[in-house]
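Below is one structure, written out as structure tokens; comments come after it.
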Amino acid sequence: MMSRFRSEMDVEKPVVRVLVAGEVATELLDCIDWGLEEEGIPATRGTAAEGTSVIALAKQAACESRLHVGIGVNGRSREAALYHSDMHDEKPILTAAIEMEAREELIQLGKNAARLVKGNAFCFEKRSNALDGQSSNDLECSPEGLEQIVSRIVEQILKNF
Amino acid sequence: MHYIAGVDVGNNTTEAAVAEVGPGNDIRFLSSSIVRTVGIKGTLRNVPGIIDAIDQALEPLNISRQELSLVLLNEATPVIGDVAMETITETVITESAMIGHNPDTPGGLGLGVGTTVMIDDLSADKQDNDWVVIIPARIQFEEAARKLNRAVVEGVRIAGAIVQRDDGVLVYNRLDRPIPIVDEVQHIDRIPMNMPAAIEVASLGKTIEKLSNPYDIATIFDLSADETRNVVPIARALTGVRSAVVIKTPKGDIQERRIPAGRLKLIGRSRSADVAVEEGADAIMRQVRNVIPLEEIRAESGTHVGGMFETVRNVMADLTDQPVAEVRVQDIVAVDTLIPQLVRGSLAGEYALGNAVGLAAMVETQKLPMQRLARRLESEIMVPVHVAGVEAEMAILGALTTPGTKAPLAILDLGGGSTDASILKESGDTARVHLAGAGDMVTLLIDKELGLDDTDLAEKIKFHPLAKVETLFHMRHEDGAVEFFNAHLDPRLFGRVVVITEEGPVPIESREPIDKIRDVRRKAKNKVFVGNAIRALERIAPSGNIRLIGFVALVGGSAMDFEIPKMISDALIDYGVVTGRANVRGTEGPRNAVATGLVISHGNSLRN
């Protein structure tokens with residue numbers, strides 16, 4: 001049986017690094033690991049100073065990972081972010097909320113971290129935020145954005161009615 | 001000295017050529033332009049597009065519209081086409097007989113044979129059998145693994161598991177004794193309990209061996225020779241997958257059903273024939289060749305083909321103000337294809353390949369109402385407008401300005417709805433033919449064969465090369481070239497096959513690898529464009545012999561395609577014909593042939 005929880009010692013092995021700052025329920029962190037495990041990519045978990053931002057955590061994690069892929073988890077901002085060490089901008093590749101209701105999203109973030117390593121296409125079946133591109137662009141294609149546009153149109157029509 | 005303009009209204013683009021007519025009525029071309037056609041060709045809606053084309057050609061010359069002494073409009077080819085697909089076989093599962101299924105990450109390895117049982121019903125007294133355990137979504141992987149491990153300790157023999165959620169690997173990693181596990185089985189509730197079942201998972205990079213072989217299935221389930229014959233469709237559907245489940249139910253049955261797709265009646269000048277669509281493309285095309293020259297084709301109503309025939313005839317009737325009864329379908333082309341179809345009664349949304357026939361039909365009428373269009377244009381631009389010359393003949397005159405050509409010259413215009421060919425023989429005689437099947441049919445084939453259900457995307461795949469986004473910073477084009485990017489690519493593109501369009505890469509939501517998509521695209525073009533090019537040239541060549549055509553020039557939009565010209569010249573090289581993209585006036589490439597021809601023809605008539 002494969003050991004699920006690896007210690008700080010195996011940072012030297014090719015793993016995806018997960019760095020956590022602040023209070024986060026173990027169950028939620030496990031979700032990320034499970035996503036990675038289902039896709040067959042090992043991960044290690046570590047902690048960082050509480051004040052570190054989620055993007056800084058993700059960056060540091062990516063740099064520590066020999067697979068160049070890291071996930072930052074910030075307990076205070078309730079956010080998790082996926083990052084690749086080759087990137088140099090301030091935007092993560094994908095994010096997910098650290099909430100009990102968003103467990104599926106966290107499993108998916110784990111899966112996508114593994115897929116980033118494997119070079120397989122991401123899965124977007126359930127809701128997840130692709131923060132790339134302009135926000136206006138996101139408004140156009142996300143279901144929420146579409147809903148917003150439609151409700152605005154309906155409002156306009158009703159006003160003129 | 002005065003200025004004239006030739007304008008060609010095509011299905012997709014409107015092109016113009018402006019020339020100066022000198023004192024000896026000699027022609028000097030000054031400029032050309034190309035714009036998108038507005039509306040269906042031959043209708044009054046074309047006018048703004050025509051004016052735009054003229055203005056764009058005049059702009060660099062500093063000549064105003066009023067300085068033109070004449071605008072020449074082509075007698076547009078009154079040909080339109082449409083396409084349809086008839087599925088002729090489908091796979092139907094009554095009760096649950098199998099799951100052939102390719103989840104990304106199945107668990108374990110090998111073959112497991114046992115009887116299906118719900119995980120809740122696993123108990124110590126089930127010692128008498130090997131079991132295939134069903135794990136529905138409500139059971140979490142940790143709990144599932146715990147239950148399986150406990151059952152094994154109690155002496156229950158577990159051969160494999162079928163999991164509804166995507167956590168087969170998670171379950172597997174927590175088991176004390178390894179078993180094969182298939183996951184992501186959507187309709188797990190359709191699996192019958194207490195039935196013999198077999199699960200197979202192949203190692204990474206391999207495909208299953210046992211469940212894709214009818215004799216192995218027969219061995220596992222102890223099947224008779226007749227029963228083995230019935231599992232052939234199962235074995236076929238499971239070929240090439242990494243994991244699969246087969247369940248034997250008493251009444252369970254899987255069938256490959258042939259769907260009656262209607263009949264076609266081919267009426268030729270001297271003979272006629274009747275052919276069933278489900279006999280396939282070869283049979284249909286054999287009959288088409290037998291009855292040539294075709295006068296009319298009728299399709300059985302209530303079928304897809306019948307519906308498609310009605311549409312083309314109605315559009316043409318509308319366009320030409322003719323009664324529908326007088327509009328006849330004059331050519332048809334059929335292509336065999338395999339399309340992925342959702343298996344009816346399946347457990348995990350499986351697809352099986354079904355046979356289908358793609359059909360394109362073409363309607364040609366007397367004349368499009370070009371005179372009406374000319375009058376309207378005249379009143380708008382206040383310049384005399386003449387409708388002059390048959391499109392095909394004008395195109396040849398234009399194509400002859402290509403350096404290095406002489407009669408006998410044939411041109412091929414591979415459009416969207418029809419394939420048009422014409423020839424200028426040494427004697428000065430011309431011949432032309434319009435055939436069904438062109439770009440739209442290629443789009444249909446790509447759409448159906450890849451199961452996209454998105455015509456726009458299929459169209460993009462047709463026009464542009466592919467690439468695979470390998471990392472966030474680079475993609476590998478289909479020819480192997482690697483392109484790097486400074487900023488990271490959209491995560492939605494990552495790991496996907498993309499089409500490289502003018503607006504940037506567009507992802508293809510398909511699990512097919514890049515080679516498969518490329519293959520589908522090239523095969524579709526080969527079947528339709530190359531097949532039709534040969535068919536068209538045989539019809540116009542002197543005594544039907546393509547070898548007697550000296551030169552073939554490709555004109556029109558598809559001549560600009562990145563691979564079609566090469567495919568056609570590869571096919572024609574055996575006939576010893578010089579084939580290539582036209583270069584009208586030595587400057588315009590395959591564009592502007594008709595507009596140029598209109599002007600030349602006018603110049604010729606002035607001199608005679």
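Letters A, B, ... mark the chains of the structure tokens in the order given; residue numbers begin at 1 per chain; ligand numbers begin at 1, in order shown.
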
Select residues of chain B: the criterion is any atom within 9 Å of an atom of chain A, counting only C-alpha atoms; output as a ChimeraX atom specification. /B:104-107,166-176,469-473,487-496

Please produce a file of the residues just selected, as an mmCIF file, in the first residue's frame, where the atoms kept are N, CA and C atoms.
data_model
loop_
_atom_site.group_PDB
_atom_site.id
_atom_site.type_symbol
_atom_site.label_atom_id
_atom_site.label_comp_id
_atom_site.auth_asym_id
_atom_site.auth_seq_id
_atom_site.Cartn_x
_atom_site.Cartn_y
_atom_site.Cartn_z
ATOM 1 N N ASP B 104 -9.995 7.782 -17.875
ATOM 2 C CA ASP B 104 -8.598 8.223 -17.913
ATOM 3 C C ASP B 104 -7.733 7.384 -16.986
ATOM 4 N N THR B 105 -8.271 7.091 -15.809
ATOM 5 C CA THR B 105 -7.448 6.464 -14.783
ATOM 6 C C THR B 105 -8.162 5.282 -14.119
ATOM 7 N N PRO B 106 -8.204 4.111 -14.803
ATOM 8 C CA PRO B 106 -8.753 2.941 -14.130
ATOM 9 C C PRO B 106 -7.756 2.467 -13.072
ATOM 10 N N GLY B 107 -8.191 1.537 -12.188
ATOM 11 C CA GLY B 107 -7.272 1.069 -11.159
ATOM 12 C C GLY B 107 -6.873 -0.366 -11.427
ATOM 13 N N ASP B 166 -14.971 8.933 -10.216
ATOM 14 C CA ASP B 166 -13.627 8.834 -10.780
ATOM 15 C C ASP B 166 -12.632 8.668 -9.642
ATOM 16 N N ASP B 167 -12.711 7.542 -8.901
ATOM 17 C CA ASP B 167 -11.703 7.340 -7.858
ATOM 18 C C ASP B 167 -11.232 5.885 -7.795
ATOM 19 N N GLY B 168 -11.185 5.253 -8.951
ATOM 20 C CA GLY B 168 -10.719 3.874 -9.036
ATOM 21 C C GLY B 168 -9.304 3.701 -8.494
ATOM 22 N N VAL B 169 -8.423 4.661 -8.793
ATOM 23 C CA VAL B 169 -7.040 4.568 -8.338
ATOM 24 C C VAL B 169 -6.989 4.712 -6.817
ATOM 25 N N LEU B 170 -7.816 5.622 -6.291
ATOM 26 C CA LEU B 170 -7.840 5.850 -4.837
ATOM 27 C C LEU B 170 -8.279 4.589 -4.104
ATOM 28 N N VAL B 171 -9.292 3.911 -4.632
ATOM 29 C CA VAL B 171 -9.742 2.660 -4.021
ATOM 30 C C VAL B 171 -8.609 1.637 -4.108
ATOM 31 N N TYR B 172 -8.058 1.502 -5.311
ATOM 32 C CA TYR B 172 -7.024 0.498 -5.550
ATOM 33 C C TYR B 172 -5.836 0.666 -4.602
ATOM 34 N N ASN B 173 -5.399 1.944 -4.428
ATOM 35 C CA ASN B 173 -4.227 2.199 -3.589
ATOM 36 C C ASN B 173 -4.450 1.803 -2.133
ATOM 37 N N ARG B 174 -5.718 1.635 -1.727
ATOM 38 C CA ARG B 174 -6.012 1.313 -0.332
ATOM 39 C C ARG B 174 -6.362 -0.161 -0.133
ATOM 40 N N LEU B 175 -6.221 -0.954 -1.181
ATOM 41 C CA LEU B 175 -6.559 -2.373 -1.070
ATOM 42 C C LEU B 175 -5.347 -3.196 -0.647
ATOM 43 N N ASP B 176 -5.603 -4.254 0.168
ATOM 44 C CA ASP B 176 -4.518 -5.136 0.576
ATOM 45 C C ASP B 176 -4.211 -6.142 -0.526
ATOM 46 N N VAL B 469 -0.902 21.631 -27.725
ATOM 47 C CA VAL B 469 -0.309 22.462 -26.685
ATOM 48 C C VAL B 469 0.347 21.523 -25.679
ATOM 49 N N GLU B 470 1.667 21.494 -25.670
ATOM 50 C CA GLU B 470 2.365 20.497 -24.852
ATOM 51 C C GLU B 470 2.701 20.999 -23.466
ATOM 52 N N THR B 471 3.084 22.276 -23.351
ATOM 53 C CA THR B 471 3.258 22.863 -22.029
ATOM 54 C C THR B 471 2.540 24.200 -22.057
ATOM 55 N N LEU B 472 2.571 24.916 -20.937
ATOM 56 C CA LEU B 472 1.916 26.228 -20.908
ATOM 57 C C LEU B 472 2.655 27.221 -21.793
ATOM 58 N N PHE B 473 3.848 26.855 -22.250
ATOM 59 C CA PHE B 473 4.654 27.805 -23.010
ATOM 60 C C PHE B 473 4.979 27.382 -24.435
ATOM 61 N N ALA B 487 4.409 34.656 -22.988
ATOM 62 C CA ALA B 487 3.474 34.600 -21.868
ATOM 63 C C ALA B 487 2.825 33.227 -21.877
ATOM 64 N N HIS B 488 2.341 32.766 -20.727
ATOM 65 C CA HIS B 488 1.779 31.415 -20.728
ATOM 66 C C HIS B 488 0.440 31.401 -21.434
ATOM 67 N N LEU B 489 0.134 30.258 -22.046
ATOM 68 C CA LEU B 489 -1.099 30.111 -22.830
ATOM 69 C C LEU B 489 -2.289 29.934 -21.891
ATOM 70 N N ASP B 490 -3.463 30.147 -22.431
ATOM 71 C CA ASP B 490 -4.702 29.928 -21.685
ATOM 72 C C ASP B 490 -4.735 28.490 -21.146
ATOM 73 N N PRO B 491 -4.979 28.318 -19.835
ATOM 74 C CA PRO B 491 -5.028 26.961 -19.274
ATOM 75 C C PRO B 491 -6.048 26.069 -19.981
ATOM 76 N N ARG B 492 -7.057 26.672 -20.569
ATOM 77 C CA ARG B 492 -8.067 25.873 -21.266
ATOM 78 C C ARG B 492 -7.487 25.171 -22.495
ATOM 79 N N LEU B 493 -6.346 25.676 -22.981
ATOM 80 C CA LEU B 493 -5.723 25.067 -24.156
ATOM 81 C C LEU B 493 -4.744 23.979 -23.759
ATOM 82 N N PHE B 494 -4.326 23.990 -22.490
ATOM 83 C CA PHE B 494 -3.251 23.112 -22.054
ATOM 84 C C PHE B 494 -3.561 21.641 -22.313
ATOM 85 N N GLY B 495 -2.606 20.944 -22.914
ATOM 86 C CA GLY B 495 -2.747 19.507 -23.155
ATOM 87 C C GLY B 495 -3.710 19.167 -24.270
ATOM 88 N N ARG B 496 -4.243 20.191 -24.924
ATOM 89 C CA ARG B 496 -5.265 19.924 -25.949
ATOM 90 C C ARG B 496 -4.704 20.040 -27.366
#

Backbone-only DSSP, helix (DSSP H, G or I) members of stretch 30-143 of chain A, as a PyMOL selection string: chain A and resi 30-38+54-64+100-118+135-141+143

Selection export as an mmCIF file, in the first residue's frame, atoms kept: C-alpha atoms:
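Saved result, selection.cif, follows:
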data_model
loop_
_atom_site.group_PDB
_atom_site.id
_atom_site.type_symbol
_atom_site.label_atom_id
_atom_site.label_comp_id
_atom_site.auth_asym_id
_atom_site.auth_seq_id
_atom_site.Cartn_x
_atom_site.Cartn_y
_atom_site.Cartn_z
ATOM 1 C CA ASP A 30 -6.658 15.655 1.743
ATOM 2 C CA CYS A 31 -9.017 16.460 -1.140
ATOM 3 C CA ILE A 32 -6.125 18.040 -3.043
ATOM 4 C CA ASP A 33 -3.937 14.999 -2.343
ATOM 5 C CA TRP A 34 -6.676 12.631 -3.478
ATOM 6 C CA GLY A 35 -6.999 14.428 -6.776
ATOM 7 C CA LEU A 36 -3.258 14.052 -7.316
ATOM 8 C CA GLU A 37 -3.294 10.431 -6.170
ATOM 9 C CA GLU A 38 -6.130 9.460 -8.552
ATOM 10 C CA VAL A 54 -1.695 32.412 -1.747
ATOM 11 C CA ILE A 55 0.220 33.288 -4.909
ATOM 12 C CA ALA A 56 3.521 33.610 -3.040
ATOM 13 C CA LEU A 57 2.823 30.228 -1.444
ATOM 14 C CA ALA A 58 2.038 28.638 -4.801
ATOM 15 C CA LYS A 59 5.189 30.148 -6.340
ATOM 16 C CA GLN A 60 7.387 28.955 -3.511
ATOM 17 C CA ALA A 61 5.799 25.500 -3.699
ATOM 18 C CA ALA A 62 6.397 25.329 -7.460
ATOM 19 C CA CYS A 63 10.036 26.325 -6.998
ATOM 20 C CA GLU A 64 10.527 23.657 -4.330
ATOM 21 C CA MET A 100 -16.292 22.415 2.811
ATOM 22 C CA GLU A 101 -18.823 22.893 -0.002
ATOM 23 C CA ALA A 102 -16.034 23.147 -2.548
ATOM 24 C CA ARG A 103 -14.414 19.773 -1.886
ATOM 25 C CA GLU A 104 -15.031 18.586 -5.441
ATOM 26 C CA GLU A 105 -13.302 21.724 -6.662
ATOM 27 C CA LEU A 106 -10.260 20.947 -4.538
ATOM 28 C CA ILE A 107 -10.123 17.343 -5.776
ATOM 29 C CA GLN A 108 -10.231 18.788 -9.274
ATOM 30 C CA LEU A 109 -7.422 21.244 -8.485
ATOM 31 C CA GLY A 110 -5.335 18.267 -7.370
ATOM 32 C CA LYS A 111 -6.225 16.372 -10.532
ATOM 33 C CA ASN A 112 -5.341 19.356 -12.676
ATOM 34 C CA ALA A 113 -1.999 19.806 -10.885
ATOM 35 C CA ALA A 114 -1.236 16.187 -11.822
ATOM 36 C CA ARG A 115 -2.436 16.765 -15.369
ATOM 37 C CA LEU A 116 -0.154 19.805 -15.597
ATOM 38 C CA VAL A 117 2.745 17.469 -14.811
ATOM 39 C CA LYS A 118 1.557 14.790 -17.238
ATOM 40 C CA SER A 135 -11.840 39.497 -16.511
ATOM 41 C CA SER A 136 -14.102 40.922 -19.203
ATOM 42 C CA ASN A 137 -13.333 37.872 -21.277
ATOM 43 C CA ASP A 138 -14.288 35.650 -18.371
ATOM 44 C CA LEU A 139 -17.561 37.491 -18.094
ATOM 45 C CA GLU A 140 -18.285 36.527 -21.656
ATOM 46 C CA CYS A 141 -17.706 32.841 -21.392
ATOM 47 C CA PRO A 143 -22.014 30.618 -17.102
#

If I take atom CA of B:Ile88 and atom CA of B:Ile332, how far is one from the other in Å, to one decimal? 18.0 Å

Between atom CA of B:Val152 and atom CA of B:Ala124 - distance in Å to one decimal: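 Taking atom CA of B:Ala124 and atom CA of B:Val152, their separation equals 8.9 Å.
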
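Shortest separation to B:Arg298 among B:Val275, B:Leu109, B:Ile135, B:Val315 occurs at residue B:Val275, atoms counted being only C-alpha atoms.
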
Fewer than 3 positions away in the same chain doesn't count, so skip those; otherwise give me all residues within 9 Å of stretch 512-526 of chain B, counting only C-alpha atoms, as a compact mmCIF listing (two decimals) with C-alpha atoms, in the first residue's frame.
# COMPACT_ATOMS: atom_id res chain seq x y z
CA ALA B 438 -17.36 20.17 -52.25
CA GLY B 439 -16.29 22.10 -49.17
CA MET B 441 -19.38 18.00 -47.56
CA VAL B 442 -15.84 17.98 -46.19
CA THR B 443 -17.09 20.02 -43.23
CA LEU B 445 -17.57 14.57 -42.76
CA ILE B 446 -15.16 16.18 -40.29
CA GLU B 449 -16.45 11.52 -37.96
CA LEU B 450 -15.02 13.38 -34.99
CA ILE B 461 -10.51 22.28 -38.69
CA LYS B 462 -11.01 22.10 -42.46
CA PRO B 465 -3.56 23.20 -39.53
CA LEU B 466 -3.50 21.67 -36.06
CA ALA B 467 -1.14 21.87 -33.12
CA LYS B 468 -0.83 20.22 -29.72
CA GLU B 478 1.20 18.98 -36.81
CA ARG B 496 -5.27 19.92 -25.95
CA VAL B 497 -5.20 19.69 -29.70
CA VAL B 498 -5.91 23.15 -31.13
CA GLU B 509 -12.94 19.27 -27.15
CA PHE B 529 -12.12 17.02 -53.50
CA VAL B 530 -9.76 14.58 -55.16
CA GLY B 531 -12.58 12.15 -55.99
CA GLU B 563 -3.16 21.11 -48.66
CA ILE B 564 -5.83 20.60 -51.34
CA MET B 567 -3.47 16.47 -52.98
CA ILE B 568 -4.95 17.14 -56.41

Which is closer to B:Leu409 than all the others in B:Ala317, B:Phe309, B:Ala533, B:Ala541, using only C-alpha atoms?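 With only C-alpha atoms as the atom set, the closest residue is B:Ala541.
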
Excluding B:Thr365 and residues on its chain fewer than 6 positions from it, collect all residues at most 12 Å away from it, counting only C-alpha atoms, and give them as a list of chain:residue names.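 Listing them by chain and then by number gives B:Ala76, B:Thr77, B:Pro78, B:Val79, B:Ile80, B:Gly81, B:Val312, B:Arg313, B:Val315, B:Met316, B:Ala317, B:Asp318, B:Leu319, B:Thr320, B:Asp321, B:Gln322, B:Pro323, B:Val324, B:Glu326, B:Val327, B:Arg328, B:Val329, B:Gln330, B:His434.
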
Emit the selected residues as a short mmCIF file (atom, residue, chain, number, x, y, z; two decimals), in the first residue's frame, including N, CA and C atoms.
data_model
loop_
_atom_site.label_atom_id
_atom_site.label_comp_id
_atom_site.auth_asym_id
_atom_site.auth_seq_id
_atom_site.Cartn_x
_atom_site.Cartn_y
_atom_site.Cartn_z
N ALA B 76 -23.77 34.44 -63.26
CA ALA B 76 -23.34 33.52 -62.21
C ALA B 76 -23.89 32.12 -62.44
N THR B 77 -23.08 31.13 -62.09
CA THR B 77 -23.51 29.74 -62.26
C THR B 77 -24.69 29.47 -61.34
N PRO B 78 -25.82 29.08 -61.90
CA PRO B 78 -26.98 28.86 -61.05
C PRO B 78 -26.96 27.47 -60.42
N VAL B 79 -25.96 27.25 -59.57
CA VAL B 79 -25.79 25.93 -58.98
C VAL B 79 -25.77 26.07 -57.46
N ILE B 80 -26.57 25.28 -56.79
CA ILE B 80 -26.41 25.22 -55.34
C ILE B 80 -26.42 23.75 -54.91
N GLY B 81 -25.84 23.50 -53.76
CA GLY B 81 -25.76 22.13 -53.28
C GLY B 81 -26.06 22.07 -51.80
N VAL B 312 -32.79 21.70 -50.90
CA VAL B 312 -32.06 22.28 -52.04
C VAL B 312 -33.05 22.78 -53.09
N ARG B 313 -34.07 21.97 -53.34
CA ARG B 313 -35.01 22.36 -54.39
C ARG B 313 -35.79 23.61 -54.00
N VAL B 315 -34.80 26.04 -51.92
CA VAL B 315 -33.92 27.21 -51.96
C VAL B 315 -33.78 27.68 -53.40
N MET B 316 -33.55 26.73 -54.31
CA MET B 316 -33.37 27.10 -55.70
C MET B 316 -34.65 27.68 -56.29
N ALA B 317 -35.80 27.11 -55.92
CA ALA B 317 -37.08 27.61 -56.42
C ALA B 317 -37.30 29.05 -55.97
N ASP B 318 -36.99 29.31 -54.70
CA ASP B 318 -37.10 30.66 -54.16
C ASP B 318 -36.22 31.62 -54.93
N LEU B 319 -35.00 31.18 -55.18
CA LEU B 319 -33.99 32.03 -55.76
C LEU B 319 -34.34 32.41 -57.19
N THR B 320 -34.97 31.48 -57.89
CA THR B 320 -35.17 31.70 -59.32
C THR B 320 -36.63 31.93 -59.67
N ASP B 321 -37.49 32.04 -58.63
CA ASP B 321 -38.91 32.24 -58.88
C ASP B 321 -39.49 31.16 -59.78
N GLN B 322 -39.10 29.92 -59.54
CA GLN B 322 -39.65 28.82 -60.32
C GLN B 322 -40.49 27.96 -59.40
N PRO B 323 -41.47 27.25 -59.93
CA PRO B 323 -42.19 26.30 -59.07
C PRO B 323 -41.24 25.17 -58.66
N VAL B 324 -41.39 24.72 -57.41
CA VAL B 324 -40.50 23.68 -56.88
C VAL B 324 -40.51 22.45 -57.78
N GLU B 326 -40.47 22.15 -60.79
CA GLU B 326 -39.60 22.21 -61.97
C GLU B 326 -38.12 22.13 -61.63
N VAL B 327 -37.82 22.20 -60.32
CA VAL B 327 -36.42 22.14 -59.93
C VAL B 327 -36.03 20.69 -59.70
N ARG B 328 -34.97 20.25 -60.38
CA ARG B 328 -34.58 18.86 -60.26
C ARG B 328 -33.15 18.72 -59.74
N VAL B 329 -32.95 17.69 -58.93
CA VAL B 329 -31.60 17.41 -58.45
C VAL B 329 -30.87 16.67 -59.56
N GLN B 330 -29.71 17.21 -60.00
CA GLN B 330 -29.06 16.63 -61.16
C GLN B 330 -27.80 15.85 -60.90
N HIS B 434 -20.90 20.79 -63.66
CA HIS B 434 -21.04 21.11 -62.24
C HIS B 434 -21.39 19.83 -61.52
#

Residues of stretch 26-90 of chain A classed as strand (DSSP E or B) by DSSP on the backbone are to be reported as a list of chain:residue names.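 Answer for stretch 26-90 of chain A, restricted to strand (DSSP E or B): A:Ala43, A:Thr44, A:Arg45, A:Gly46, A:Thr47, A:Val69, A:Gly70, A:Ile71, A:Gly72, A:Val73, A:Asn74, A:Glu79, A:Ala80, A:Ala81, A:Leu82, A:Tyr83, A:His84.
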
Quick one: write out the picked residues with N, CA and C atoms as a JSON list (two decimals), in the first residue's frame?
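selection_18.json was written with the following content:
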[["chain", "number", "residue", "atom", "x", "y", "z"],
["A", 43, "ALA", "N", 2.59, 13.70, -4.02],
["A", 43, "ALA", "CA", 2.66, 15.08, -3.53],
["A", 43, "ALA", "C", 3.23, 15.08, -2.12],
["A", 44, "THR", "N", 3.83, 16.20, -1.73],
["A", 44, "THR", "CA", 4.21, 16.37, -0.32],
["A", 44, "THR", "C", 3.57, 17.65, 0.18],
["A", 45, "ARG", "N", 3.39, 17.70, 1.49],
["A", 45, "ARG", "CA", 2.73, 18.85, 2.08],
["A", 45, "ARG", "C", 3.72, 19.55, 3.02],
["A", 46, "GLY", "N", 3.71, 20.86, 3.01],
["A", 46, "GLY", "CA", 4.56, 21.60, 3.93],
["A", 46, "GLY", "C", 3.82, 22.82, 4.44],
["A", 47, "THR", "N", 4.39, 23.52, 5.41],
["A", 47, "THR", "CA", 3.73, 24.72, 5.93],
["A", 47, "THR", "C", 4.65, 25.92, 5.74],
["A", 69, "VAL", "N", 5.76, 22.06, -10.24],
["A", 69, "VAL", "CA", 4.33, 22.35, -10.04],
["A", 69, "VAL", "C", 4.06, 22.44, -8.55],
["A", 70, "GLY", "N", 3.42, 23.56, -8.16],
["A", 70, "GLY", "CA", 3.13, 23.74, -6.74],
["A", 70, "GLY", "C", 1.72, 24.23, -6.52],
["A", 71, "ILE", "N", 1.19, 23.91, -5.33],
["A", 71, "ILE", "CA", -0.13, 24.42, -4.95],
["A", 71, "ILE", "C", 0.05, 25.19, -3.65],
["A", 72, "GLY", "N", -0.48, 26.42, -3.61],
["A", 72, "GLY", "CA", -0.46, 27.21, -2.38],
["A", 72, "GLY", "C", -1.84, 27.18, -1.76],
["A", 73, "VAL", "N", -1.90, 27.05, -0.43],
["A", 73, "VAL", "CA", -3.19, 27.05, 0.24],
["A", 73, "VAL", "C", -3.12, 28.08, 1.37],
["A", 74, "ASN", "N", -4.00, 29.08, 1.31],
["A", 74, "ASN", "CA", -3.99, 30.12, 2.33],
["A", 74, "ASN", "C", -5.27, 30.02, 3.16],
["A", 79, "GLU", "N", -8.25, 30.36, 0.05],
["A", 79, "GLU", "CA", -7.99, 30.15, -1.38],
["A", 79, "GLU", "C", -6.88, 29.12, -1.57],
["A", 80, "ALA", "N", -6.98, 28.40, -2.68],
["A", 80, "ALA", "CA", -5.89, 27.53, -3.10],
["A", 80, "ALA", "C", -5.55, 27.90, -4.54],
["A", 81, "ALA", "N", -4.25, 27.84, -4.90],
["A", 81, "ALA", "CA", -3.85, 28.25, -6.25],
["A", 81, "ALA", "C", -2.81, 27.30, -6.79],
["A", 82, "LEU", "N", -2.88, 27.07, -8.11],
["A", 82, "LEU", "CA", -1.93, 26.19, -8.81],
["A", 82, "LEU", "C", -0.95, 27.04, -9.60],
["A", 83, "TYR", "N", 0.33, 26.70, -9.53],
["A", 83, "TYR", "CA", 1.35, 27.51, -10.17],
["A", 83, "TYR", "C", 2.43, 26.61, -10.76],
["A", 84, "HIS", "N", 3.07, 27.12, -11.83],
["A", 84, "HIS", "CA", 4.19, 26.40, -12.44],
["A", 84, "HIS", "C", 5.43, 27.28, -12.33]]

Quick one: which stretch 373-404 of chain B residues come within 10 Å of stretch 424-432 of chain B, and what is the nearest atom pair for each with the distance in Å to one decimal, counting only C-alpha atoms, rows ordered by chain and ascending number, as a Markdown table?
| residue | atom | partner | partner_atom | distance |
| --- | --- | --- | --- | --- |
| B:Ala392 | CA | B:Arg432 | CA | 6.9 |
| B:Glu393 | CA | B:Thr430 | CA | 7.3 |
| B:Ile396 | CA | B:Leu424 | CA | 7.0 |
| B:Leu397 | CA | B:Leu424 | CA | 8.8 |
| B:Leu400 | CA | B:Leu424 | CA | 9.4 |

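Between atom CA of B:Val578 and atom CA of B:Ala593 the interatomic distance comes to 18.4 Å.
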
Which residue, B:Leu68, B:Ala325, B:Val18, B:Val117, has the smallest gap to B:His2 when you use only C-alpha atoms? B:Leu68

At a cut-off of 12 Å, using only C-alpha atoms, what residues contact B:Gly39? Leave out same-chain residues fewer than 5 positions from it and give the result as a PyMOL selection string. chain B and resi 9-14+44-50+319

Can those selected residues be exported to a file as a PDB file, in the first residue's frame so that it contains C-alpha atoms?
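The file below, selection.pdb, is the result:
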ATOM      1  CA  VAL B   9     -20.264  37.515 -57.478  1.00  0.00           C
ATOM      2  CA  GLY B  10     -19.441  34.123 -55.976  1.00  0.00           C
ATOM      3  CA  ASN B  11     -20.987  32.092 -53.192  1.00  0.00           C
ATOM      4  CA  ASN B  12     -18.492  33.357 -50.654  1.00  0.00           C
ATOM      5  CA  THR B  13     -16.597  36.267 -52.149  1.00  0.00           C
ATOM      6  CA  THR B  14     -17.241  39.120 -54.556  1.00  0.00           C
ATOM      7  CA  LEU B  44     -30.575  41.856 -54.761  1.00  0.00           C
ATOM      8  CA  ARG B  45     -28.847  41.652 -51.400  1.00  0.00           C
ATOM      9  CA  ASN B  46     -25.551  41.306 -53.303  1.00  0.00           C
ATOM     10  CA  VAL B  47     -25.572  45.012 -54.266  1.00  0.00           C
ATOM     11  CA  PRO B  48     -23.757  46.474 -51.206  1.00  0.00           C
ATOM     12  CA  GLY B  49     -21.026  43.858 -51.558  1.00  0.00           C
ATOM     13  CA  ILE B  50     -20.561  44.649 -55.233  1.00  0.00           C
ATOM     14  CA  LEU B 319     -33.988  32.027 -55.761  1.00  0.00           C
TER      15      LEU B 319
END

Find the spatial neighbours of B:Lys460, counting only C-alpha atoms, within a cut-off of 10 Å - ignore same-chain residues fewer than 2 positions away - and output them as an MDAnalysis selection string. chainID B and resid 443 455:458 462:466 499:502 506
